[in-house]
file target-v4.txt (compact mmCIF, C-alpha atoms and all ligand atoms)
# COMPACT_ATOMS: atom_id res chain seq x y z
CA MET A 1 0.00 0.00 0.00
CA LYS A 2 1.19 3.52 -0.81
CA LYS A 3 0.67 6.42 1.55
CA LEU A 4 0.80 10.18 1.15
CA ASN A 5 0.39 12.95 3.71
CA VAL A 6 -1.60 16.10 3.09
CA GLN A 7 -0.39 18.86 5.41
CA THR A 8 -3.43 21.07 5.81
CA THR A 9 -4.86 22.64 9.00
CA ARG A 10 -6.07 19.13 9.74
CA PRO A 11 -3.44 16.81 8.24
CA TYR A 12 -4.62 13.55 6.74
CA GLN A 13 -3.41 10.55 4.78
CA ILE A 14 -4.19 9.27 1.32
CA LEU A 15 -3.94 5.47 1.09
CA ILE A 16 -3.59 3.89 -2.35
CA SER A 17 -3.83 0.21 -3.24
CA GLY A 18 -5.75 -2.33 -5.34
CA GLY A 19 -8.39 -4.07 -3.23
CA LEU A 20 -8.19 -1.43 -0.48
CA LEU A 21 -11.98 -1.33 -0.14
CA THR A 22 -11.98 -4.52 1.92
CA GLU A 23 -9.60 -2.94 4.43
CA VAL A 24 -11.61 0.23 4.97
CA PRO A 25 -13.87 -0.94 7.83
CA GLN A 26 -10.93 -2.22 9.90
CA ASP A 27 -8.97 0.97 9.28
CA LEU A 28 -11.96 3.12 10.23
CA LYS A 29 -12.19 1.31 13.52
CA GLU A 30 -8.70 2.52 14.30
CA LEU A 31 -9.44 6.05 13.08
CA ASP A 32 -12.43 6.11 15.41
CA LEU A 33 -14.40 8.89 13.73
CA GLY A 34 -17.75 7.94 15.19
CA TYR A 35 -19.94 5.02 16.08
CA ARG A 36 -22.20 5.15 13.02
CA TYR A 37 -21.47 5.64 9.35
CA ALA A 38 -23.61 7.22 6.63
CA LEU A 39 -22.41 5.78 3.36
CA ILE A 40 -23.29 8.15 0.54
CA SER A 41 -23.17 7.04 -3.10
CA ASP A 42 -24.80 7.83 -6.40
CA SER A 43 -27.22 5.26 -7.81
CA ASN A 44 -24.62 3.62 -10.10
CA VAL A 45 -21.91 3.20 -7.48
CA ALA A 46 -24.40 2.24 -4.77
CA GLU A 47 -25.39 -0.70 -6.95
CA LEU A 48 -21.85 -1.66 -7.99
CA LEU A 49 -20.05 -1.24 -4.67
CA GLY A 50 -22.34 0.22 -2.00
CA GLU A 51 -24.10 -2.92 -0.88
CA ASP A 52 -20.82 -4.86 -0.77
CA LEU A 53 -19.14 -2.19 1.32
CA LEU A 54 -22.15 -2.07 3.63
CA ARG A 55 -21.79 -5.80 4.18
CA LEU A 56 -18.10 -5.41 4.97
CA PHE A 57 -18.91 -2.72 7.54
CA ARG A 58 -21.49 -4.91 9.20
CA GLN A 59 -19.15 -7.91 9.20
CA GLU A 60 -16.70 -5.79 11.18
CA GLY A 61 -19.49 -4.94 13.60
CA LEU A 62 -19.75 -1.32 12.44
CA SER A 63 -23.14 0.34 12.23
CA ALA A 64 -23.67 1.74 8.74
CA GLU A 65 -26.46 2.73 6.38
CA LEU A 66 -26.41 3.43 2.67
CA PHE A 67 -27.99 6.63 1.32
CA SER A 68 -28.03 7.05 -2.44
CA PHE A 69 -29.08 9.71 -4.92
CA PRO A 70 -29.56 9.65 -8.71
CA ALA A 71 -26.20 9.59 -10.54
CA GLY A 72 -25.14 12.65 -12.50
CA GLU A 73 -24.11 16.29 -12.15
CA ALA A 74 -27.82 17.28 -12.13
CA SER A 75 -28.01 15.87 -8.59
CA LYS A 76 -25.21 18.10 -7.30
CA ASN A 77 -27.50 20.68 -5.73
CA MET A 78 -29.04 21.84 -2.46
CA ASP A 79 -32.17 19.73 -2.94
CA THR A 80 -30.08 16.55 -2.84
CA VAL A 81 -28.13 17.79 0.19
CA VAL A 82 -31.36 18.55 2.06
CA ASP A 83 -32.90 15.26 0.99
CA LEU A 84 -29.90 13.24 2.22
CA ALA A 85 -29.69 15.26 5.47
CA ARG A 86 -33.36 14.68 6.21
CA LYS A 87 -32.98 10.95 5.62
CA MET A 88 -30.01 10.89 7.98
CA VAL A 89 -31.90 12.83 10.67
CA ARG A 90 -34.89 10.51 10.38
CA ALA A 91 -32.56 7.50 10.66
CA GLY A 92 -31.22 8.96 13.92
CA PHE A 93 -27.73 10.01 12.79
CA ASP A 94 -26.37 12.32 15.50
CA ARG A 95 -23.13 14.26 15.97
CA LYS A 96 -21.21 11.08 16.68
CA CYS A 97 -21.63 9.84 13.11
CA ALA A 98 -19.26 10.05 10.17
CA VAL A 99 -19.93 10.34 6.45
CA ILE A 100 -18.33 8.08 3.83
CA ALA A 101 -18.29 9.53 0.31
CA LEU A 102 -18.18 6.51 -2.02
CA GLY A 103 -18.22 7.50 -5.69
CA GLY A 104 -17.03 9.97 -8.29
CA GLY A 105 -16.45 13.69 -7.92
CA VAL A 106 -20.15 14.47 -7.72
CA THR A 107 -20.55 12.19 -4.70
CA GLY A 108 -17.35 13.49 -3.08
CA ASP A 109 -18.31 17.16 -3.47
CA LEU A 110 -21.88 16.58 -2.34
CA ALA A 111 -21.17 14.26 0.60
CA GLY A 112 -18.23 16.40 1.73
CA PHE A 113 -20.42 19.48 1.69
CA LEU A 114 -23.16 17.68 3.59
CA ALA A 115 -20.62 16.47 6.20
CA SER A 116 -19.32 20.02 6.63
CA ILE A 117 -22.76 21.38 7.56
CA TYR A 118 -24.59 18.38 9.04
CA LEU A 119 -25.19 19.23 12.71
CA ARG A 120 -22.53 21.94 12.20
CA GLY A 121 -20.04 19.42 10.86
CA VAL A 122 -19.25 15.73 11.23
CA PRO A 123 -16.08 13.94 10.05
CA TYR A 124 -15.95 12.34 6.62
CA VAL A 125 -13.70 10.16 4.50
CA GLN A 126 -13.42 9.93 0.74
CA ILE A 127 -13.51 6.68 -1.21
CA PRO A 128 -13.20 7.97 -4.79
CA THR A 129 -14.20 5.52 -7.51
CA SER A 130 -13.82 7.50 -10.75
CA LEU A 131 -10.35 8.30 -12.10
CA LEU A 132 -11.14 12.02 -11.93
CA ALA A 133 -12.03 11.69 -8.26
CA GLN A 134 -8.96 9.52 -7.54
CA VAL A 135 -6.51 11.98 -9.08
CA ASP A 136 -8.22 15.26 -8.34
CA SER A 137 -11.48 15.94 -6.54
CA SER A 138 -11.04 13.68 -3.49
CA VAL A 139 -7.86 15.50 -2.46
CA GLY A 140 -7.82 19.10 -1.28
CA GLY A 141 -10.98 19.51 0.73
CA LYS A 142 -13.05 21.55 -1.72
CA THR A 143 -16.69 20.56 -1.34
CA GLY A 144 -19.80 22.03 -2.86
CA VAL A 145 -22.89 22.03 -4.98
CA ASP A 146 -24.10 23.81 -8.11
CA LEU A 147 -26.70 26.55 -8.48
CA PRO A 148 -28.79 27.11 -11.63
CA GLU A 149 -26.56 30.19 -12.08
CA GLY A 150 -23.34 28.20 -12.20
CA LYS A 151 -21.26 25.28 -10.98
CA ASN A 152 -19.77 24.93 -7.49
CA LEU A 153 -21.18 28.26 -6.31
CA LEU A 154 -22.01 27.02 -2.81
CA GLY A 155 -19.40 25.13 -0.86
CA THR A 156 -16.84 24.85 1.88
CA PHE A 157 -13.21 24.00 2.43
CA TYR A 158 -13.52 20.89 4.56
CA GLN A 159 -10.73 18.35 4.68
CA PRO A 160 -11.54 14.63 4.87
CA ALA A 161 -10.12 12.54 7.71
CA ARG A 162 -8.67 10.08 5.19
CA VAL A 163 -8.80 9.27 1.48
CA TYR A 164 -8.96 5.62 0.43
CA ILE A 165 -8.05 5.08 -3.22
CA ASP A 166 -8.77 1.59 -4.49
CA TYR A 167 -7.87 1.62 -8.20
CA GLY A 168 -9.42 -1.84 -8.45
CA THR A 169 -12.79 -0.06 -8.50
CA LEU A 170 -11.91 1.49 -11.88
CA THR A 171 -12.53 -1.75 -13.80
CA THR A 172 -16.21 -0.84 -14.17
CA LEU A 173 -15.62 2.84 -14.95
CA PRO A 174 -16.90 3.74 -18.46
CA PHE A 175 -14.11 4.44 -20.98
CA GLU A 176 -15.13 8.08 -21.47
CA HIS A 177 -14.70 8.66 -17.74
CA LEU A 178 -11.30 6.96 -17.75
CA LYS A 179 -10.16 9.44 -20.42
CA ASN A 180 -11.83 12.27 -18.51
CA GLY A 181 -9.55 11.57 -15.55
CA LEU A 182 -6.47 11.08 -17.75
CA ALA A 183 -6.79 14.69 -18.96
CA GLU A 184 -6.22 15.93 -15.41
CA VAL A 185 -3.19 13.63 -15.12
CA VAL A 186 -1.73 15.23 -18.26
CA LYS A 187 -2.29 18.55 -16.50
CA TYR A 188 -0.16 17.45 -13.52
CA GLY A 189 2.56 16.39 -15.93
CA CYS A 190 2.48 19.81 -17.59
CA ILE A 191 2.55 21.88 -14.41
CA ALA A 192 4.75 19.79 -12.17
CA SER A 193 6.37 16.70 -13.60
CA PRO A 194 8.07 16.12 -16.95
CA ALA A 195 8.66 12.54 -15.69
CA LEU A 196 4.92 11.94 -15.33
CA PHE A 197 4.40 13.47 -18.78
CA SER A 198 6.95 11.03 -20.25
CA PHE A 199 5.35 8.12 -18.40
CA LEU A 200 2.00 9.00 -20.01
CA GLU A 201 3.66 9.13 -23.42
CA THR A 202 5.26 5.73 -22.95
CA HIS A 203 2.35 3.96 -21.28
CA SER A 204 -0.73 5.44 -22.97
CA GLU A 205 -1.84 2.09 -24.37
CA ARG A 206 -1.58 0.33 -21.02
CA LEU A 207 -3.56 3.12 -19.40
CA LEU A 208 -6.32 2.91 -22.00
CA ARG A 209 -6.48 -0.82 -21.22
CA TYR A 210 -7.04 -0.05 -17.51
CA ASP A 211 -3.69 -1.64 -16.60
CA ALA A 212 -3.63 -1.63 -12.79
CA GLU A 213 0.08 -1.05 -12.35
CA ALA A 214 0.16 1.88 -14.75
CA LEU A 215 -2.94 3.36 -13.14
CA GLU A 216 -1.41 3.03 -9.68
CA HIS A 217 1.63 4.98 -10.81
CA ILE A 218 -0.27 7.91 -12.31
CA ILE A 219 -2.73 8.06 -9.40
CA TYR A 220 0.11 8.13 -6.87
CA GLU A 221 2.01 10.81 -8.80
CA SER A 222 -1.11 12.94 -9.32
CA CYS A 223 -2.06 12.78 -5.65
CA ARG A 224 1.52 13.52 -4.63
CA ILE A 225 1.51 16.66 -6.76
CA LYS A 226 -1.95 17.80 -5.70
CA ALA A 227 -1.21 17.09 -2.02
CA GLU A 228 1.94 19.18 -2.22
CA VAL A 229 0.20 22.12 -3.88
CA VAL A 230 -2.73 21.98 -1.46
CA SER A 231 -0.41 21.66 1.54
CA ARG A 232 1.28 24.90 0.51
CA ASP A 233 -1.94 26.76 -0.32
CA GLU A 234 -4.97 25.21 1.34
CA LYS A 235 -7.52 27.88 0.42
CA GLU A 236 -6.47 28.92 -3.07
CA GLY A 237 -4.72 32.15 -2.15
CA GLY A 238 -2.14 31.79 -4.88
CA LEU A 239 -0.12 28.72 -5.78
CA ARG A 240 -3.16 26.40 -5.87
CA ARG A 241 -4.32 28.26 -8.95
CA ILE A 242 -1.63 26.51 -11.00
CA LEU A 243 -4.07 23.58 -10.92
CA ASN A 244 -6.19 25.70 -13.26
CA PHE A 245 -3.78 25.10 -16.14
CA GLY A 246 -5.97 24.45 -19.19
CA HIS A 247 -9.07 25.39 -17.23
CA THR A 248 -9.46 29.03 -18.32
CA ILE A 249 -10.36 28.26 -21.93
CA GLY A 250 -11.46 24.76 -20.82
CA HIS A 251 -14.21 26.18 -18.60
CA ALA A 252 -15.32 28.56 -21.32
CA ILE A 253 -15.67 25.65 -23.78
CA GLU A 254 -17.52 23.64 -21.14
CA ALA A 255 -20.00 26.44 -20.53
CA ALA A 256 -20.33 27.32 -24.22
CA THR A 257 -21.20 23.69 -25.05
CA ASN A 258 -23.72 23.69 -22.20
CA TYR A 259 -21.77 21.04 -20.27
CA GLN A 260 -22.40 18.44 -22.95
CA LEU A 261 -18.69 17.71 -23.29
CA LEU A 262 -16.95 16.08 -20.31
CA HIS A 263 -14.82 18.42 -18.18
CA GLY A 264 -11.53 16.63 -18.93
CA PHE A 265 -12.17 16.83 -22.68
CA CYS A 266 -12.63 20.60 -22.41
CA VAL A 267 -9.50 20.85 -20.25
CA ALA A 268 -7.57 18.90 -22.90
CA ILE A 269 -8.44 21.53 -25.51
CA GLY A 270 -7.82 24.28 -22.94
CA MET A 271 -4.32 22.93 -22.26
CA VAL A 272 -3.47 23.02 -25.95
CA ALA A 273 -4.74 26.61 -26.05
CA ALA A 274 -2.65 27.58 -23.01
CA ALA A 275 0.46 25.94 -24.49
CA ARG A 276 -0.07 27.77 -27.79
CA LEU A 277 -0.59 31.04 -25.96
CA SER A 278 2.63 30.43 -23.99
CA GLU A 279 4.44 30.06 -27.29
CA LYS A 280 2.86 33.11 -28.94
CA LEU A 281 3.70 35.27 -25.92
CA LYS A 282 7.23 33.85 -25.91
CA VAL A 283 6.68 32.74 -22.32
CA SER A 284 7.73 29.24 -23.20
CA LYS A 285 11.32 28.48 -23.94
CA GLU A 286 10.51 25.39 -25.95
CA GLU A 287 7.67 24.24 -28.20
CA ILE A 288 5.41 22.30 -25.88
CA SER A 289 2.19 22.25 -27.89
CA PRO A 290 3.20 19.66 -30.55
CA ARG A 291 4.26 17.19 -27.85
CA LEU A 292 1.12 17.91 -25.84
CA VAL A 293 -1.15 17.46 -28.87
CA SER A 294 0.49 14.17 -29.72
CA LEU A 295 0.09 12.87 -26.14
CA LEU A 296 -3.56 13.91 -25.97
CA LYS A 297 -4.20 12.18 -29.31
CA ARG A 298 -2.58 9.01 -28.00
CA LEU A 299 -4.92 9.18 -25.02
CA ASP A 300 -7.87 9.61 -27.40
CA LEU A 301 -8.60 13.08 -26.04
CA PRO A 302 -9.71 16.05 -28.18
CA THR A 303 -7.25 18.76 -29.18
CA GLN A 304 -9.52 20.97 -31.30
CA ILE A 305 -12.53 23.11 -30.46
CA PRO A 306 -15.74 21.26 -31.45
CA GLN A 307 -17.22 22.22 -34.81
CA GLY A 308 -20.04 24.73 -34.72
CA LEU A 309 -18.78 26.50 -31.63
CA ALA A 310 -18.10 30.12 -32.57
CA PRO A 311 -14.95 31.74 -31.12
CA ALA A 312 -17.12 34.70 -30.04
CA GLU A 313 -19.14 32.41 -27.79
CA ILE A 314 -16.04 31.09 -26.08
CA LEU A 315 -14.77 34.63 -25.62
CA SER A 316 -17.94 35.79 -23.97
CA PHE A 317 -17.75 32.92 -21.47
CA LEU A 318 -14.08 33.68 -20.87
CA ARG A 319 -15.04 37.11 -19.66
CA THR A 320 -17.50 35.78 -17.11
CA ASP A 321 -15.27 32.96 -15.93
CA LYS A 322 -14.66 33.02 -12.22
CA LYS A 323 -10.95 32.87 -12.87
CA VAL A 324 -11.32 36.57 -13.61
CA TRP A 325 -9.08 37.26 -10.67
CA LYS A 326 -9.77 40.70 -9.22
CA GLY A 327 -11.35 41.51 -12.56
CA ARG A 328 -8.31 40.48 -14.55
CA LEU A 329 -8.30 37.39 -16.74
CA THR A 330 -5.49 35.17 -15.50
CA PHE A 331 -4.00 32.32 -17.49
CA VAL A 332 -1.67 29.63 -16.25
CA LEU A 333 1.02 29.35 -18.92
CA LEU A 334 4.13 27.19 -19.20
CA LYS A 335 7.73 28.29 -19.42
CA ARG A 336 8.58 24.69 -20.07
CA LEU A 337 7.12 21.35 -18.98
CA GLY A 338 6.84 21.40 -15.19
CA GLU A 339 7.29 25.19 -14.94
CA PRO A 340 4.00 27.06 -14.79
CA VAL A 341 3.66 30.84 -14.58
CA PHE A 342 0.66 33.11 -14.05
CA TYR A 343 -0.01 35.54 -16.86
CA GLU A 344 -2.56 38.29 -16.43
CA GLU A 345 -4.58 39.82 -19.23
CA PRO A 346 -2.86 38.54 -22.36
CA PRO A 347 -3.72 40.67 -25.42
CA GLU A 348 -7.19 39.69 -26.57
CA GLU A 349 -6.08 39.45 -30.23
CA LEU A 350 -3.69 36.66 -29.27
CA VAL A 351 -6.35 34.77 -27.35
CA ILE A 352 -8.70 35.11 -30.34
CA GLU A 353 -5.93 33.96 -32.67
CA VAL A 354 -5.35 30.81 -30.61
CA ILE A 355 -9.07 30.05 -30.38
CA LYS A 356 -9.44 30.50 -34.15
CA GLU A 357 -6.48 28.24 -34.87
CA LEU A 358 -7.94 25.53 -32.66
CA SER A 359 -11.32 25.89 -34.35
CA ALA A 360 -9.86 25.16 -37.78
N1 LIG B 1 -13.59 19.20 -5.18
C1 LIG B 1 -12.72 19.36 -6.14
O1 LIG B 1 -11.58 19.79 -5.91
C2 LIG B 1 -13.10 18.97 -7.53
C3 LIG B 1 -12.12 18.90 -8.53
C4 LIG B 1 -12.49 18.46 -9.79
C5 LIG B 1 -13.81 18.16 -10.06
N2 LIG B 1 -14.75 18.25 -9.07
C6 LIG B 1 -16.15 17.90 -9.33
O2 LIG B 1 -16.20 16.52 -9.65
C7 LIG B 1 -17.36 16.28 -10.43
C8 LIG B 1 -17.02 15.35 -11.57
O3 LIG B 1 -16.55 14.13 -11.05
P1 LIG B 1 -16.69 12.77 -11.88
O4 LIG B 1 -16.20 12.99 -13.24
O5 LIG B 1 -16.13 11.69 -11.05
O6 LIG B 1 -18.28 12.64 -12.02
P2 LIG B 1 -19.33 11.62 -11.37
O7 LIG B 1 -19.21 11.57 -9.90
O8 LIG B 1 -20.66 11.98 -11.93
O9 LIG B 1 -18.86 10.21 -11.95
C9 LIG B 1 -18.89 9.99 -13.33
C10 LIG B 1 -19.77 8.78 -13.69
O10 LIG B 1 -19.05 7.61 -13.37
C11 LIG B 1 -19.84 6.75 -12.54
N3 LIG B 1 -18.89 6.00 -11.73
C12 LIG B 1 -18.08 6.46 -10.75
N4 LIG B 1 -17.28 5.50 -10.31
C13 LIG B 1 -17.58 4.39 -11.03
C14 LIG B 1 -17.08 3.06 -11.06
N5 LIG B 1 -16.05 2.69 -10.28
N6 LIG B 1 -17.64 2.18 -11.92
C15 LIG B 1 -18.65 2.57 -12.75
N7 LIG B 1 -19.15 3.80 -12.78
C16 LIG B 1 -18.61 4.70 -11.92
C17 LIG B 1 -20.77 7.68 -11.81
O11 LIG B 1 -21.90 7.00 -11.36
C18 LIG B 1 -21.08 8.69 -12.90
O12 LIG B 1 -22.07 8.21 -13.74
C19 LIG B 1 -17.87 17.63 -10.87
O13 LIG B 1 -19.04 17.95 -10.17
C20 LIG B 1 -16.75 18.59 -10.50
O14 LIG B 1 -17.22 19.88 -10.17
C21 LIG B 1 -14.40 18.65 -7.83
ZN ZN B 2 -10.41 20.05 -13.73

call {"tool": "encode", "arguments": {"input": "target-v4.txt", "output": "structure tokens"}}
result
Amino acid sequence: MKKLNVQTTRPYQILISGGLLTEVPQDLKELDLGYRYALISDSNVAELLGEDLLRLFRQEGLSAELFSFPAGEASKNMDTVVDLARKMVRAGFDRKCAVIALGGGVTGDLAGFLASIYLRGVPYVQIPTSLLAQVDSSVGGKTGVDLPEGKNLLGTFYQPARVYIDYGTLTTLPFEHLKNGLAEVVKYGCIASPALFSFLETHSERLLRYDAEALEHIIYESCRIKAEVVSRDEKEGGLRRILNFGHTIGHAIEAATNYQLLHGFCVAIGMVAAARLSEKLKVSKEEISPRLVSLLKRLDLPTQIPQGLAPAEILSFLRTDKKVWKGRLTFVLLKRLGEPVFYEEPPEELVIEVIKELSA
């Protein structure tokens, strides 16, 4: 088993191994977070893993109940939070309980948020089951829900007591969601680790075949990088924003396509845009974009803006993006692989030029 420490106000460990799920109940006994566990999962994961985990809890003599909600981003809202909280209250869950978030990023964000406000806060642990959740959303303590006005507009910083990553759970993850998570791994390679970038180049085929050993390596490296960034900047005062590499234009594409394209796919295109912009602004000392495009293609991720999406639409979303930091549009650019820099307000003509080139 691999272990990582996250040094936040409340430090915690990330445990990574294949088959870890079966060890969770025993480990929780030692952690001693409460005497009753509310296991929260979306409908897909509840069916695939929830009942089994519940049985394991009960075999260990732990009191646990499963609460599920319909799978999908559409459930990530206050109504679901209130619905789950009411079910927990009616089932008699008091302040001595703990929440287990078992699922993808939607479950983690939702259950973490619920834990942070339930009876003014109860402990929670993350058991991420999508690649995106295993490499990104389960680490860092950002929780939250969406509003009709936008994504993640209500939320808290609330660190889990532990993160259990069992990459064995990925065998049932749909292929599109595997690739969705891989895009964020490419991001870590770009901003922090040329070695991880090279590993992705060399092992793309294994990864697309869900090879456990290759997955373990990229999950460990991604969590190591995210844990280090989060440990140095828990509440996104500065450094943590390097994790937004590819997300400025990525978010704009996501919003402009009405969230029909998976987040990681939009980030993939956004990373190409950021690399191109780095080159046009002479921020980068080497040509990164051809290598990046070729890696993304190997991982079967998009590198061009979808047809029919007008550059003007993307631009208008760029302006409203919440990464408009103190009113100034900030990009994360690359000097070279592993060396990110913040760049405020690049000339709009250059941004338009890049968007047009990627729309060709
Ligand atoms: N908190 C953060 O720091 C952070 C960071 C990135 C993203 N997010 C959030 O994460 C969410 C996206 O996460 P996601 O992509 O995991 O979405 P998701 O939770 O909806 O999971 C994607 C799909 O995969 C299914 N699934 C999950 N694990 C599975 C498994 N092992 N086998 C089969 N199916 C499985 C889910 O049921 C769902 O249908 C967004 O809401 C985003 O805002 C949060
Ligand atoms: Zn992302």

call {"tool": "closest_residue", "arguments": {"input": "target-v4.txt", "among": "A:Lys151, A:Val354, A:Phe69, A:Ala74", "to": "Ala111 in chain A", "atoms": "all atoms listed in the file"}}
result
A:Phe69

call {"tool": "closest_residue", "arguments": {"input": "target-v4.txt", "among": "A:Leu243, A:Ile117, A:Val122, A:Leu262", "to": "Cys97 in chain A", "atoms": "only C-alpha atoms"}}
result
A:Val122

call {"tool": "atom_distance", "arguments": {"input": "target-v4.txt", "atom1": "CA of Leu173 in chain A", "atom2": "CA of Asp42 in chain A"}}
result
13.5 Å

call {"tool": "residues_around", "arguments": {"input": "target-v4.txt", "residues": "Leu170 in chain A", "least_positions_apart": "3", "cutoff": "9 Å", "atoms": "only C-alpha atoms", "output": "PDB file with C-alpha atoms, keeping the file's coordinate frame"}}
result
ATOM      1  CA  THR A 129     -14.200   5.520  -7.510  1.00  0.00           C
ATOM      2  CA  SER A 130     -13.820   7.500 -10.750  1.00  0.00           C
ATOM      3  CA  LEU A 131     -10.350   8.300 -12.100  1.00  0.00           C
ATOM      4  CA  ASP A 166      -8.770   1.590  -4.490  1.00  0.00           C
ATOM      5  CA  TYR A 167      -7.870   1.620  -8.200  1.00  0.00           C
ATOM      6  CA  LEU A 173     -15.620   2.840 -14.950  1.00  0.00           C
ATOM      7  CA  PRO A 174     -16.900   3.740 -18.460  1.00  0.00           C
ATOM      8  CA  LEU A 178     -11.300   6.960 -17.750  1.00  0.00           C
ATOM      9  CA  TYR A 210      -7.040  -0.050 -17.510  1.00  0.00           C
ATOM     10  CA  ALA A 212      -3.630  -1.630 -12.790  1.00  0.00           C
TER      11      ALA A 212
END

call {"tool": "atom_distance", "arguments": {"input": "target-v4.txt", "atom1": "CA of Pro123 in chain A", "atom2": "CA of Leu39 in chain A"}}
result
12.3 Å

call {"tool": "atom_distance", "arguments": {"input": "target-v4.txt", "atom1": "CA of Phe113 in chain A", "atom2": "CA of Gly19 in chain A"}}
result
26.9 Å

call {"tool": "residues_near_point", "arguments": {"input": "target-v4.txt", "point": "(-7.4, 14.9, 5.5)", "cutoff": "6 Å", "atoms": "only C-alpha atoms", "output": "JSON, numbers by chain"}}
result
{"A": [11, 12, 13, 159, 160, 161, 162]}

call {"tool": "residues_around", "arguments": {"input": "target-v4.txt", "residues": "Glu149 in chain A", "least_positions_apart": "3", "cutoff": "12 Å", "atoms": "all atoms listed in the file", "output": "ChimeraX atom specification"}}
result
/A:77,145-146,152-154,255,320

call {"tool": "closest_atom_pairs", "arguments": {"input": "target-v4.txt", "of": "chain A", "to": "ligand ZN 2 (chain B)", "cutoff": "7 Å", "atoms": "all atoms listed in the file", "output": "JSON lines"}}
result
{"residue": "A:Glu184", "atom": "CA", "partner": "B:ZN2", "partner_atom": "ZN", "distance": 6.1}
{"residue": "A:His247", "atom": "CA", "partner": "B:ZN2", "partner_atom": "ZN", "distance": 6.5}
{"residue": "A:His263", "atom": "CA", "partner": "B:ZN2", "partner_atom": "ZN", "distance": 6.5}
{"residue": "A:Gly264", "atom": "CA", "partner": "B:ZN2", "partner_atom": "ZN", "distance": 6.3}
{"residue": "A:Val267", "atom": "CA", "partner": "B:ZN2", "partner_atom": "ZN", "distance": 6.6}

call {"tool": "residues_near_ligand", "arguments": {"input": "target-v4.txt", "ligand": "ligand LIG 1 (chain B)", "cutoff": "7 Å", "atoms": "all atoms listed in the file", "output": "number ranges by chain"}}
result
A: 42-45, 48, 71-73, 76, 103-107, 109, 129-133, 136-143, 151-152, 169-174, 177, 180

call {"tool": "closest_residue", "arguments": {"input": "target-v4.txt", "among": "A:Lys235, A:Arg55, A:Lys297, A:Arg328", "to": "Leu182 in chain A", "atoms": "only C-alpha atoms"}}
result
A:Lys297

call {"tool": "residues_around", "arguments": {"input": "target-v4.txt", "residues": "His251 in chain A", "least_positions_apart": "2", "cutoff": "12 Å", "atoms": "only C-alpha atoms", "output": "number ranges by chain"}}
result
A: 150-151, 244-249, 253-259, 261-271, 314-324, 331

call {"tool": "closest_residue", "arguments": {"input": "target-v4.txt", "among": "A:Val125, A:Leu296, A:Ile100, A:Val81", "to": "Val185 in chain A", "atoms": "all atoms listed in the file"}}
result
A:Leu296

call {"tool": "build_atoms", "arguments": {"input": "target-v4.txt", "residues": "range 255-267 of chain A", "atoms": "N, CA and C atoms", "output": "PDB file, keeping the file's coordinate frame"}}
result
ATOM      1  N   ALA A 255     -18.777  25.648 -20.674  1.00  0.00           N
ATOM      2  CA  ALA A 255     -20.000  26.440 -20.530  1.00  0.00           C
ATOM      3  C   ALA A 255     -20.646  26.688 -21.886  1.00  0.00           C
ATOM      4  N   ALA A 256     -19.792  26.996 -22.892  1.00  0.00           N
ATOM      5  CA  ALA A 256     -20.330  27.320 -24.220  1.00  0.00           C
ATOM      6  C   ALA A 256     -20.984  26.098 -24.880  1.00  0.00           C
ATOM      7  N   THR A 257     -20.564  24.894 -24.481  1.00  0.00           N
ATOM      8  CA  THR A 257     -21.200  23.690 -25.050  1.00  0.00           C
ATOM      9  C   THR A 257     -22.280  23.168 -24.086  1.00  0.00           C
ATOM     10  N   ASN A 258     -22.653  24.030 -23.130  1.00  0.00           N
ATOM     11  CA  ASN A 258     -23.720  23.690 -22.200  1.00  0.00           C
ATOM     12  C   ASN A 258     -23.454  22.386 -21.440  1.00  0.00           C
ATOM     13  N   TYR A 259     -22.208  22.194 -21.081  1.00  0.00           N
ATOM     14  CA  TYR A 259     -21.770  21.040 -20.270  1.00  0.00           C
ATOM     15  C   TYR A 259     -22.090  19.694 -20.920  1.00  0.00           C
ATOM     16  N   GLN A 260     -22.143  19.701 -22.250  1.00  0.00           N
ATOM     17  CA  GLN A 260     -22.400  18.440 -22.950  1.00  0.00           C
ATOM     18  C   GLN A 260     -21.115  17.646 -23.141  1.00  0.00           C
ATOM     19  N   LEU A 261     -19.993  18.355 -23.108  1.00  0.00           N
ATOM     20  CA  LEU A 261     -18.690  17.710 -23.290  1.00  0.00           C
ATOM     21  C   LEU A 261     -18.082  17.511 -21.903  1.00  0.00           C
ATOM     22  N   LEU A 262     -17.508  16.338 -21.636  1.00  0.00           N
ATOM     23  CA  LEU A 262     -16.950  16.080 -20.310  1.00  0.00           C
ATOM     24  C   LEU A 262     -15.848  17.089 -19.978  1.00  0.00           C
ATOM     25  N   HIS A 263     -15.776  17.429 -18.679  1.00  0.00           N
ATOM     26  CA  HIS A 263     -14.820  18.420 -18.180  1.00  0.00           C
ATOM     27  C   HIS A 263     -13.383  18.183 -18.676  1.00  0.00           C
ATOM     28  N   GLY A 264     -12.915  16.935 -18.543  1.00  0.00           N
ATOM     29  CA  GLY A 264     -11.530  16.630 -18.930  1.00  0.00           C
ATOM     30  C   GLY A 264     -11.289  16.866 -20.417  1.00  0.00           C
ATOM     31  N   PHE A 265     -12.302  16.623 -21.235  1.00  0.00           N
ATOM     32  CA  PHE A 265     -12.170  16.830 -22.680  1.00  0.00           C
ATOM     33  C   PHE A 265     -11.983  18.322 -22.964  1.00  0.00           C
ATOM     34  N   CYS A 266     -12.750  19.147 -22.237  1.00  0.00           N
ATOM     35  CA  CYS A 266     -12.630  20.600 -22.410  1.00  0.00           C
ATOM     36  C   CYS A 266     -11.272  21.078 -21.904  1.00  0.00           C
ATOM     37  N   VAL A 267     -10.804  20.480 -20.809  1.00  0.00           N
ATOM     38  CA  VAL A 267      -9.500  20.850 -20.250  1.00  0.00           C
ATOM     39  C   VAL A 267      -8.389  20.464 -21.235  1.00  0.00           C
TER      40      VAL A 267
END
